[in-house]
Structure formats: C-alpha cells, structure tokens
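Text of the file query.pdb, holding PDB, C-alpha atoms:
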```pdb
ATOM      1  CA  MET A  28       0.000   0.000   0.000
ATOM      2  CA  GLU A  29       2.921   2.322   0.752
ATOM      3  CA  ASN A  30       4.358   1.696  -2.728
ATOM      4  CA  LEU A  31       0.971   2.047  -4.400
ATOM      5  CA  GLY A  32       0.310   5.351  -2.666
ATOM      6  CA  PHE A  33       3.687   6.671  -3.817
ATOM      7  CA  VAL A  34       3.058   5.597  -7.416
ATOM      8  CA  LEU A  35      -0.372   7.254  -7.433
ATOM      9  CA  ALA A  36       1.098  10.444  -5.986
ATOM     10  CA  CYS A  37       3.727  10.488  -8.745
ATOM     11  CA  ILE A  38       1.126  10.000 -11.481
ATOM     12  CA  ALA A  39      -1.108  12.721 -10.010
ATOM     13  CA  ALA A  40       1.797  15.178  -9.766
ATOM     14  CA  VAL A  41       2.898  14.539 -13.360
ATOM     15  CA  ALA A  42      -0.658  14.971 -14.666
ATOM     16  CA  ALA A  43      -1.223  18.152 -12.646
ATOM     17  CA  LEU A  44       1.987  19.767 -13.878
ATOM     18  CA  PHE A  45       1.235  18.957 -17.517
ATOM     19  CA  ILE A  46      -2.283  20.381 -17.152
ATOM     20  CA  LEU A  47      -0.974  23.555 -15.521
ATOM     21  CA  ALA A  48       1.615  24.055 -18.267
ATOM     22  CA  ALA A  49      -0.945  23.379 -21.019
ATOM     23  CA  LEU A  50      -3.461  25.838 -19.556
ATOM     24  CA  PHE A  51      -0.806  28.531 -19.358
ATOM     25  CA  GLU A  52       0.223  27.981 -22.968
ATOM     26  CA  LYS A  53      -3.379  28.132 -24.125
ATOM     27  CA  TYR A  54      -4.597  31.185 -22.222
ATOM     28  CA  VAL A  55      -1.519  33.295 -21.421
ATOM     29  CA  VAL A  56       1.083  32.835 -24.147
ATOM     30  CA  LYS A  57       0.102  35.350 -26.788
ATOM     31  CA  GLU A  58       2.575  34.556 -29.571
ATOM     32  CA  ARG A  59       2.989  30.811 -29.911
ATOM     33  CA  LYS A  60       5.642  29.843 -32.434
ATOM     34  CA  ALA A  61       4.662  27.593 -35.303
ATOM     35  CA  PHE A  62       6.622  24.405 -34.681
ATOM     36  CA  SER A  63       5.855  21.213 -36.525
ATOM     37  CA  ASN A  64       5.243  18.127 -34.388
ATOM     38  CA  THR A  65       8.497  16.616 -35.638
ATOM     39  CA  HIS A  66      10.495  19.736 -34.749
ATOM     40  CA  TYR A  67       8.846  20.019 -31.325
ATOM     41  CA  ILE A  68       9.326  16.368 -30.368
ATOM     42  CA  THR A  69      12.870  16.192 -31.734
ATOM     43  CA  TYR A  70      14.153  19.216 -29.851
ATOM     44  CA  THR A  71      12.380  18.216 -26.649
ATOM     45  CA  ALA A  72      14.009  14.781 -26.867
ATOM     46  CA  ILE A  73      17.444  16.290 -27.572
ATOM     47  CA  PHE A  74      17.329  18.646 -24.596
ATOM     48  CA  ALA A  75      15.895  15.927 -22.343
ATOM     49  CA  SER A  76      18.659  13.515 -23.353
ATOM     50  CA  LEU A  77      21.324  16.122 -22.619
ATOM     51  CA  ALA A  78      19.721  16.763 -19.243
ATOM     52  CA  GLY A  79      19.575  13.036 -18.500
ATOM     53  CA  VAL A  80      23.301  12.683 -19.194
ATOM     54  CA  LEU A  81      24.096  15.716 -17.018
ATOM     55  CA  MET A  82      22.321  14.019 -14.116
ATOM     56  CA  PHE A  83      25.309  11.657 -13.936
ATOM     57  CA  ILE A  84      27.621  14.566 -13.074
ATOM     58  CA  GLU A  85      26.851  15.198  -9.418
ATOM     59  CA  ILE A  86      28.672  17.693  -7.226
ATOM     60  CA  PRO A  87      28.700  16.953  -3.467
ATOM     61  CA  LEU A  88      28.162  19.829  -1.062
ATOM     62  CA  PHE A  89      30.083  20.453   2.130
ATOM     63  CA  PHE A  90      27.001  21.629   4.025
ATOM     64  CA  ALA A  91      24.574  18.825   3.129
ATOM     65  CA  PRO A  92      24.355  15.019   3.495
ATOM     66  CA  SER A  93      25.664  12.912   0.621
ATOM     67  CA  PHE A  94      22.236  12.342  -0.925
ATOM     68  CA  TYR A  95      21.971  16.073  -1.713
ATOM     69  CA  LYS A  96      24.179  16.721  -4.736
ATOM     70  CA  ILE A  97      23.970  19.433  -7.350
ATOM     71  CA  ASP A  98      23.746  18.533 -11.019
ATOM     72  CA  LEU A  99      23.367  20.815 -14.011
ATOM     73  CA  SER A 100      20.497  18.955 -15.655
ATOM     74  CA  GLU A 101      18.103  21.911 -15.358
ATOM     75  CA  ILE A 102      20.159  23.936 -17.850
ATOM     76  CA  PRO A 103      19.055  22.026 -21.004
ATOM     77  CA  VAL A 104      15.508  21.885 -19.601
ATOM     78  CA  LEU A 105      15.432  25.654 -19.098
ATOM     79  CA  ILE A 106      16.717  26.235 -22.624
ATOM     80  CA  CYS A 107      14.095  23.818 -23.914
ATOM     81  CA  THR A 108      11.235  25.517 -22.090
ATOM     82  CA  PHE A 109      12.364  29.005 -23.130
ATOM     83  CA  TYR A 110      12.510  27.835 -26.723
ATOM     84  CA  LEU A 111       9.446  25.591 -26.986
ATOM     85  CA  GLY A 112       7.214  26.526 -24.060
ATOM     86  CA  PRO A 113       6.115  25.308 -20.605
ATOM     87  CA  VAL A 114       4.695  21.957 -21.746
ATOM     88  CA  ALA A 115       7.993  21.062 -23.402
ATOM     89  CA  GLY A 116       9.761  22.002 -20.161
ATOM     90  CA  VAL A 117       7.648  19.615 -18.088
ATOM     91  CA  ALA A 118       8.078  16.901 -20.732
ATOM     92  CA  ALA A 119      11.861  17.383 -20.735
ATOM     93  CA  GLU A 120      11.925  17.168 -16.918
ATOM     94  CA  LEU A 121      10.051  13.879 -17.039
ATOM     95  CA  LEU A 122      12.085  12.426 -19.909
ATOM     96  CA  LYS A 123      15.437  13.326 -18.347
ATOM     97  CA  VAL A 124      14.539  11.364 -15.212
ATOM     98  CA  MET A 125      13.454   8.425 -17.371
ATOM     99  CA  VAL A 126      16.773   8.560 -19.253
ATOM    100  CA  LYS A 127      18.652   8.513 -15.960
ATOM    101  CA  LEU A 128      16.571   5.592 -14.641
ATOM    102  CA  LEU A 129      17.105   3.577 -17.830
ATOM    103  CA  LEU A 130      20.870   4.101 -17.786
ATOM    104  CA  LYS A 131      21.580   4.034 -14.068
ATOM    105  CA  GLY A 132      18.504   2.955 -12.135
ATOM    106  CA  THR A 133      17.611   4.361  -8.742
ATOM    107  CA  SER A 134      19.483   4.446  -5.459
ATOM    108  CA  THR A 135      16.739   6.233  -3.496
ATOM    109  CA  ALA A 136      13.720   3.917  -3.970
ATOM    110  CA  PHE A 137      12.582   6.341  -6.725
ATOM    111  CA  VAL A 138      11.913   9.072  -4.151
ATOM    112  CA  GLY A 139      14.955  11.086  -5.217
ATOM    113  CA  ASP A 140      13.966  10.728  -8.876
ATOM    114  CA  PHE A 141      10.438  11.936  -8.177
ATOM    115  CA  ALA A 142      11.895  14.794  -6.136
ATOM    116  CA  ASN A 143      14.171  15.776  -9.017
ATOM    117  CA  PHE A 144      11.181  15.952 -11.354
ATOM    118  CA  ALA A 145       8.761  17.757  -9.037
ATOM    119  CA  VAL A 146      11.248  20.236  -7.579
ATOM    120  CA  GLY A 147      12.777  20.777 -11.022
ATOM    121  CA  CYS A 148       9.346  21.694 -12.391
ATOM    122  CA  SER A 149       8.860  24.147  -9.522
ATOM    123  CA  PHE A 150      11.935  25.950 -10.899
ATOM    124  CA  VAL A 151      11.386  25.557 -14.630
ATOM    125  CA  LEU A 152       7.641  26.288 -14.830
ATOM    126  CA  PRO A 153       7.650  29.721 -13.116
ATOM    127  CA  ALA A 154      10.691  30.750 -15.141
ATOM    128  CA  SER A 155       9.006  29.651 -18.363
ATOM    129  CA  MET A 156       5.697  31.313 -17.506
ATOM    130  CA  VAL A 157       7.291  34.684 -16.784
ATOM    131  CA  TYR A 158       9.446  34.501 -19.901
ATOM    132  CA  HIS A 159       6.673  33.496 -22.302
ATOM    133  CA  ALA A 160       4.252  36.070 -20.912
ATOM    134  CA  LYS A 161       6.625  38.728 -22.261
ATOM    135  CA  PRO A 162       9.688  37.227 -24.000
ATOM    136  CA  GLY A 163      13.000  38.999 -23.510
ATOM    137  CA  ARG A 164      16.283  38.809 -21.634
ATOM    138  CA  ARG A 165      14.939  40.799 -18.706
ATOM    139  CA  SER A 166      11.908  38.562 -18.297
ATOM    140  CA  ALA A 167      14.147  35.489 -18.570
ATOM    141  CA  LEU A 168      16.264  36.751 -15.671
ATOM    142  CA  ILE A 169      13.205  37.694 -13.633
ATOM    143  CA  GLY A 170      11.624  34.337 -14.423
ATOM    144  CA  MET A 171      14.679  32.399 -13.271
ATOM    145  CA  LEU A 172      14.879  34.520 -10.112
ATOM    146  CA  ILE A 173      11.238  33.789  -9.329
ATOM    147  CA  GLY A 174      11.787  30.137 -10.233
ATOM    148  CA  THR A 175      14.707  29.954  -7.798
ATOM    149  CA  LEU A 176      12.591  31.405  -4.993
ATOM    150  CA  VAL A 177       9.651  29.116  -5.755
ATOM    151  CA  MET A 178      11.931  26.085  -5.915
ATOM    152  CA  THR A 179      13.544  27.018  -2.606
ATOM    153  CA  VAL A 180      10.223  27.417  -0.793
ATOM    154  CA  PHE A 181       8.461  24.484  -2.440
ATOM    155  CA  GLY A 182      11.474  22.171  -2.391
ATOM    156  CA  SER A 183      12.152  22.820   1.267
ATOM    157  CA  ALA A 184       8.536  22.335   2.341
ATOM    158  CA  PHE A 185       8.147  19.284   0.096
ATOM    159  CA  ASN A 186      11.240  17.679   1.613
ATOM    160  CA  ALA A 187      10.077  18.289   5.165
ATOM    161  CA  VAL A 188       6.451  17.243   4.729
ATOM    162  CA  TYR A 189       6.640  14.440   2.152
ATOM    163  CA  LEU A 190       9.966  13.467   0.586
ATOM    164  CA  LEU A 191      12.094  12.777   3.657
ATOM    165  CA  PRO A 192       9.389  10.757   5.489
ATOM    166  CA  LYS A 193       8.592   8.867   2.274
ATOM    167  CA  PHE A 194      12.258   8.117   1.652
ATOM    168  CA  ALA A 195      12.595   6.804   5.200
ATOM    169  CA  ALA A 196       9.545   4.570   4.729
ATOM    170  CA  LEU A 197      10.355   3.184   1.276
ATOM    171  CA  TYR A 198      14.117   2.915   1.670
ATOM    172  CA  GLY A 199      13.836   1.395   5.109
ATOM    173  CA  MET A 200      16.094   3.943   6.800
ATOM    174  CA  PRO A 201      14.963   5.429  10.118
ATOM    175  CA  MET A 202      14.469   9.177  10.095
ATOM    176  CA  GLU A 203      16.940   9.422  12.973
ATOM    177  CA  ALA A 204      19.633   7.925  10.724
ATOM    178  CA  ILE A 205      18.889  10.456   7.972
ATOM    179  CA  ILE A 206      19.088  13.330  10.442
ATOM    180  CA  GLY A 207      22.277  11.811  11.843
ATOM    181  CA  MET A 208      23.921  12.069   8.421
ATOM    182  CA  GLY A 209      23.273  15.786   8.575
ATOM    183  CA  THR A 210      24.456  16.073  12.163
ATOM    184  CA  LYS A 211      27.864  14.646  11.189
ATOM    185  CA  ILE A 212      28.291  17.528   8.743
ATOM    186  CA  ASN A 213      26.632  20.263  10.782
ATOM    187  CA  PRO A 214      26.028  19.805  14.540
ATOM    188  CA  SER A 215      23.162  22.304  14.288
ATOM    189  CA  ILE A 216      21.165  19.724  12.315
ATOM    190  CA  THR A 217      19.215  17.843  14.959
ATOM    191  CA  SER A 218      15.748  17.478  13.422
ATOM    192  CA  VAL A 219      13.880  17.470  10.115
ATOM    193  CA  SER A 220      13.278  21.210  10.329
ATOM    194  CA  THR A 221      16.960  22.014  10.945
ATOM    195  CA  LEU A 222      17.997  19.604   8.188
ATOM    196  CA  VAL A 223      15.758  21.506   5.800
ATOM    197  CA  LEU A 224      16.898  24.901   7.087
ATOM    198  CA  PHE A 225      20.658  24.274   7.006
ATOM    199  CA  ALA A 226      20.885  21.847   4.057
ATOM    200  CA  VAL A 227      17.855  21.899   1.753
ATOM    201  CA  VAL A 228      17.299  25.668   1.644
ATOM    202  CA  PRO A 229      20.911  26.584   0.743
ATOM    203  CA  PHE A 230      21.024  23.604  -1.647
ATOM    204  CA  ASN A 231      18.041  24.866  -3.655
ATOM    205  CA  LEU A 232      19.239  28.474  -3.587
ATOM    206  CA  LEU A 233      22.685  27.510  -4.835
ATOM    207  CA  LYS A 234      21.254  25.214  -7.503
ATOM    208  CA  GLY A 235      18.886  27.919  -8.749
ATOM    209  CA  VAL A 236      21.590  30.588  -8.933
ATOM    210  CA  VAL A 237      24.143  28.362 -10.683
ATOM    211  CA  ASP A 238      21.619  27.026 -13.214
ATOM    212  CA  SER A 239      20.212  30.502 -13.879
ATOM    213  CA  VAL A 240      23.593  32.114 -14.535
ATOM    214  CA  LEU A 241      24.814  29.313 -16.805
ATOM    215  CA  THR A 242      21.497  29.124 -18.671
ATOM    216  CA  PHE A 243      21.504  32.869 -19.319
ATOM    217  CA  LEU A 244      25.068  32.772 -20.643
ATOM    218  CA  LEU A 245      24.424  29.723 -22.844
ATOM    219  CA  TYR A 246      20.973  30.635 -24.142
ATOM    220  CA  LYS A 247      22.169  34.056 -25.238
ATOM    221  CA  ARG A 248      24.698  32.325 -27.520
ATOM    222  CA  ILE A 249      22.618  29.482 -28.928
ATOM    223  CA  SER A 250      19.326  31.389 -29.236
ATOM    224  CA  PRO A 251      20.168  32.772 -32.720
ATOM    225  CA  ILE A 252      20.768  29.207 -33.920
ATOM    226  CA  LEU A 253      17.535  27.893 -32.425
ATOM    227  CA  HIS A 254      15.455  30.765 -33.802
ATOM    228  CA  LYS A 255      17.123  30.837 -37.214
ATOM    229  CA  GLY A 256      14.124  29.287 -38.990
ATOM    230  CA  ASP A 257      11.387  31.110 -37.050
ATOM    231  CA  ALA A 258      10.537  33.539 -39.859
ATOM    232  CA  ARG A 259      10.285  30.737 -42.415
ATOM    233  CA  ARG A 260       8.054  28.647 -40.122
ATOM    234  CA  GLN A 261       5.839  31.663 -39.439
ATOM    235  CA  GLN A 262       5.433  32.292 -43.166
ATOM    236  CA  ARG A 263       4.385  28.671 -43.745
ATOM    237  CA  ARG A 264       1.902  28.921 -40.866
ATOM    238  CA  VAL A 265       0.351  32.119 -42.234
ATOM    239  CA  ALA A 266       0.131  30.604 -45.730
ATOM    240  CA  LYS A 267      -1.528  27.478 -44.342
ATOM    241  CA  GLU A 268      -4.076  29.473 -42.311
ATOM    242  CA  SER A 269      -4.957  31.730 -45.243
ATOM    243  CA  ALA A 270      -5.291  28.824 -47.700
TER
END
```

Using structure tokens, write down the structure from this file.
Amino acid sequence: MENLGFVLACIAAVAALFILAALFEKYVVKERKAFSNTHYITYTAIFASLAGVLMFIEIPLFFAPSFYKIDLSEIPVLICTFYLGPVAGVAAELLKVMVKLLLKGTSTAFVGDFANFAVGCSFVLPASMVYHAKPGRRSALIGMLIGTLVMTVFGSAFNAVYLLPKFAALYGMPMEAIIGMGTKINPSITSVSTLVLFAVVPFNLLKGVVDSVLTFLLYKRISPILHKGDARRQQRRVAKESA
C-alpha cells in the first residue's frame, strides 16, 4: 500500500503539472511559435537527453548530506522551455529522469527521482511562464529569479512534509539515521526542520543561482541558432491558415 500510494502520488503530480503548463500555454502565451510536431518532439528529446546525461555529473556539497548533490540537468531543460514553451519544459523534466533511470537505475527507492522531477518543475515552470508572458532577456532573468525562490520554498517544504518521510519509509532507513547524516556535517542539524533549514534551503538556492547564470550565458549564444528558422516557419503557418 505504501508503494501504491507513492506511485499514485507520482502520477497525479505529473498529470497536474502537464495540465498547468498546457493551460498557461493556451490562455496566457500570446505569440505561440509555429513548430511542426516533428520539430517540437525532436528538440524536446534532444534537450531531455542532454539533461539526462548531465544528471550523472553530481557535485557533493560540504554543508549537506551525501544524498543532496547538485547537477546541471536543469540547464538544457530551461533552454528547452524558453525555446518551446512550458509543456515542453515539463516533458523534458520527465524524460530526463526516465533517461537517468534507464541508464543508471535508482538508489533512493525512486523518491529522489520523483523529487528531481517535481522540484525541477517548480523551478522551470515559473521561469518559463514569466518569460513566455513577455519574452525577452529581462523577463528570462526575472523568471529564473522567481523560479529559484519558488523552488527554494516548495522544495524545502516538500522535503520536510513528504519526501524525507517517504524516503525513510520506502528505503527502510529510520528518520533518525537520515538526520544523523546531517548532524555529522553540521552539529546544528538535529531534526527534520533544521535539516531543511541548514541543508535543503541553501542547496536549492545555490542550484537555482548556478543554473540561472549558466542558462543565461548559454541561451544568449545558442538562441540565434535555435530561432534561425522562425521567420520561415511563421510564413508557412500564415500561408496554411490563409489557404
């Protein structure tokens, strides 16, 4: 029953995030680019695959237990969602985790993988929504700043209320042992709340800042390449609609 409840929670979260992204694209995004299905699927798969590979490069942190490691997998996902839209961002988040599971499997009873998807979406979706409401460099920066704040608040609360207790239950590790891993690094960590405060909060803030800076620097350089055929695609769309 514990496993079934976790699976159902994962399915519900994935469905809810896709619905939220789709509603935003439909009612808020004013200028949707004319991408063919092939173009859309291909680029989403490319960015998701890159993100899945980047999940293998994990950087340990001196202030957090070993199961909290920074990876740079959100960078291709952010570029994907800025280019193709919020739905593509959620799809890339989901696909990157699937790529990682297929190549490496799980070491956290799938809780860490679900956390990567859900918390990643809490960063990517706000950033994408702000950017696509009014595309531009300034809105991209503001979007990533808001995404970092949302991810920090949501990720921290989600860890405290659901992820850490669920990991303890499914992985078979007592919560005291998990807290103890934090205590060894920082004596101030003596409970779930202090683990979140001294490890999870700075982890999410650092991850958001690093990913935002690198995404901004990279996207500025590859954006002209990605948008090279926009005018031609728009002309074909107009011709098709007027035919």

List, as JSON, numbers by chain, every residue that the PyMOL selection byres ((chain A and resi 34-43) around 10) selects in the file provided.
{"A": [28, 29, 30, 31, 32, 33, 44, 45, 46, 47, 48, 49, 117, 118, 121, 137, 138, 141, 142, 144, 145, 148]}

Could you check the closest approach to Asp238 in chain A for each of A:Pro162, A:Gly174, A:Gly207, A:Pro153 and tell me which residue wins, using all atoms listed in the file?
A:Gly174

Could you tell me, as a compact mmCIF listing (two decimals) with C-alpha atoms, in the frame of the given file, exactly which residues end up selected when the PyMOL selection byres ((chain A and resi 79-82) around 8) is applied to this structure?
```txt
# COMPACT_ATOMS: atom_id res chain seq x y z
CA ALA A 75 15.90 15.93 -22.34
CA SER A 76 18.66 13.52 -23.35
CA LEU A 77 21.32 16.12 -22.62
CA ALA A 78 19.72 16.76 -19.24
CA PHE A 83 25.31 11.66 -13.94
CA ILE A 84 27.62 14.57 -13.07
CA GLU A 85 26.85 15.20 -9.42
CA ASP A 98 23.75 18.53 -11.02
CA LEU A 99 23.37 20.82 -14.01
CA SER A 100 20.50 18.95 -15.66
CA LEU A 122 12.08 12.43 -19.91
CA LYS A 123 15.44 13.33 -18.35
CA VAL A 124 14.54 11.36 -15.21
CA MET A 125 13.45 8.43 -17.37
CA VAL A 126 16.77 8.56 -19.25
CA LYS A 127 18.65 8.51 -15.96
```

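Taken over the whole file, the PyMOL selection byres ((chain A and resi 135) around 10) covers exactly Phe94, Gly132, Thr133, Ser134, Ala136, Phe137, Val138, Gly139, Asp140, Phe141, Phe194, Ala195, Leu197 and Tyr198 of chain A.
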
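In terms of minimum interatomic distance to Glu203 in chain A, A:Val219 ranks closest within A:Leu88, A:Val188, A:Leu241, A:Val219, counting only C-alpha atoms.
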
Show me the residues close to (17.8, 16.8, 6.8) - anything with an atom within 7 Å, counting only C-alpha atoms - and format the list as a ChimeraX atom specification.
/A:205-206,209,218-219,221-223,226

Padded axis-aligned box of range 217-236 of chain A (6 Å per side), centre and edge lengths, Å, one decimal, as JSON:
```
{"center_x": 18.0, "center_y": 24.0, "center_z": 3.0, "size_x": 21.4, "size_y": 25.1, "size_z": 35.9}
```

Hey, could you patch up range 94-116 of chain A with N, CA and C atoms and hand it over as a PDB file, in the frame of the given file?
```pdb
ATOM      1  N   PHE A  94      23.305  12.549   0.051  1.00  0.00           N
ATOM      2  CA  PHE A  94      22.236  12.342  -0.925  1.00  0.00           C
ATOM      3  C   PHE A  94      21.733  13.652  -1.526  1.00  0.00           C
ATOM      4  N   TYR A  95      22.253  14.785  -1.075  1.00  0.00           N
ATOM      5  CA  TYR A  95      21.971  16.073  -1.713  1.00  0.00           C
ATOM      6  C   TYR A  95      23.193  16.485  -2.521  1.00  0.00           C
ATOM      7  N   LYS A  96      23.092  16.344  -3.838  1.00  0.00           N
ATOM      8  CA  LYS A  96      24.179  16.721  -4.736  1.00  0.00           C
ATOM      9  C   LYS A  96      23.629  17.568  -5.868  1.00  0.00           C
ATOM     10  N   ILE A  97      24.389  18.550  -6.261  1.00  0.00           N
ATOM     11  CA  ILE A  97      23.970  19.433  -7.350  1.00  0.00           C
ATOM     12  C   ILE A  97      24.359  18.830  -8.689  1.00  0.00           C
ATOM     13  N   ASP A  98      23.419  18.841  -9.629  1.00  0.00           N
ATOM     14  CA  ASP A  98      23.746  18.533 -11.019  1.00  0.00           C
ATOM     15  C   ASP A  98      23.272  19.692 -11.874  1.00  0.00           C
ATOM     16  N   LEU A  99      23.687  19.703 -13.115  1.00  0.00           N
ATOM     17  CA  LEU A  99      23.367  20.815 -14.011  1.00  0.00           C
ATOM     18  C   LEU A  99      22.297  20.446 -15.035  1.00  0.00           C
ATOM     19  N   SER A 100      21.475  19.457 -14.692  1.00  0.00           N
ATOM     20  CA  SER A 100      20.497  18.955 -15.655  1.00  0.00           C
ATOM     21  C   SER A 100      19.384  19.942 -15.959  1.00  0.00           C
ATOM     22  N   GLU A 101      19.178  20.946 -15.092  1.00  0.00           N
ATOM     23  CA  GLU A 101      18.103  21.911 -15.358  1.00  0.00           C
ATOM     24  C   GLU A 101      18.471  22.881 -16.485  1.00  0.00           C
ATOM     25  N   ILE A 102      19.763  22.973 -16.818  1.00  0.00           N
ATOM     26  CA  ILE A 102      20.159  23.936 -17.850  1.00  0.00           C
ATOM     27  C   ILE A 102      19.551  23.592 -19.219  1.00  0.00           C
ATOM     28  N   PRO A 103      19.721  22.351 -19.731  1.00  0.00           N
ATOM     29  CA  PRO A 103      19.055  22.026 -21.004  1.00  0.00           C
ATOM     30  C   PRO A 103      17.537  22.124 -20.919  1.00  0.00           C
ATOM     31  N   VAL A 104      16.972  21.805 -19.754  1.00  0.00           N
ATOM     32  CA  VAL A 104      15.508  21.885 -19.601  1.00  0.00           C
ATOM     33  C   VAL A 104      15.050  23.339 -19.668  1.00  0.00           C
ATOM     34  N   LEU A 105      15.778  24.236 -19.022  1.00  0.00           N
ATOM     35  CA  LEU A 105      15.432  25.654 -19.098  1.00  0.00           C
ATOM     36  C   LEU A 105      15.522  26.178 -20.530  1.00  0.00           C
ATOM     37  N   ILE A 106      16.580  25.811 -21.226  1.00  0.00           N
ATOM     38  CA  ILE A 106      16.717  26.235 -22.624  1.00  0.00           C
ATOM     39  C   ILE A 106      15.562  25.688 -23.458  1.00  0.00           C
ATOM     40  N   CYS A 107      15.202  24.444 -23.196  1.00  0.00           N
ATOM     41  CA  CYS A 107      14.095  23.818 -23.914  1.00  0.00           C
ATOM     42  C   CYS A 107      12.780  24.550 -23.671  1.00  0.00           C
ATOM     43  N   THR A 108      12.518  24.878 -22.408  1.00  0.00           N
ATOM     44  CA  THR A 108      11.235  25.517 -22.090  1.00  0.00           C
ATOM     45  C   THR A 108      11.186  26.963 -22.560  1.00  0.00           C
ATOM     46  N   PHE A 109      12.335  27.654 -22.574  1.00  0.00           N
ATOM     47  CA  PHE A 109      12.364  29.005 -23.130  1.00  0.00           C
ATOM     48  C   PHE A 109      12.120  28.971 -24.636  1.00  0.00           C
ATOM     49  N   TYR A 110      12.625  27.944 -25.268  1.00  0.00           N
ATOM     50  CA  TYR A 110      12.510  27.835 -26.723  1.00  0.00           C
ATOM     51  C   TYR A 110      11.135  27.321 -27.170  1.00  0.00           C
ATOM     52  N   LEU A 111      10.656  26.273 -26.521  1.00  0.00           N
ATOM     53  CA  LEU A 111       9.446  25.591 -26.986  1.00  0.00           C
ATOM     54  C   LEU A 111       8.205  25.845 -26.134  1.00  0.00           C
ATOM     55  N   GLY A 112       8.373  26.251 -24.892  1.00  0.00           N
ATOM     56  CA  GLY A 112       7.214  26.526 -24.060  1.00  0.00           C
ATOM     57  C   GLY A 112       7.156  25.678 -22.808  1.00  0.00           C
ATOM     58  N   PRO A 113       6.218  25.992 -21.897  1.00  0.00           N
ATOM     59  CA  PRO A 113       6.115  25.308 -20.605  1.00  0.00           C
ATOM     60  C   PRO A 113       5.851  23.811 -20.701  1.00  0.00           C
ATOM     61  N   VAL A 114       4.994  23.385 -21.629  1.00  0.00           N
ATOM     62  CA  VAL A 114       4.695  21.957 -21.746  1.00  0.00           C
ATOM     63  C   VAL A 114       5.949  21.173 -22.111  1.00  0.00           C
ATOM     64  N   ALA A 115       6.736  21.715 -23.026  1.00  0.00           N
ATOM     65  CA  ALA A 115       7.993  21.062 -23.402  1.00  0.00           C
ATOM     66  C   ALA A 115       8.940  20.989 -22.212  1.00  0.00           C
ATOM     67  N   GLY A 116       8.913  22.014 -21.349  1.00  0.00           N
ATOM     68  CA  GLY A 116       9.761  22.002 -20.161  1.00  0.00           C
ATOM     69  C   GLY A 116       9.395  20.886 -19.205  1.00  0.00           C
TER      70      GLY A 116
END
```
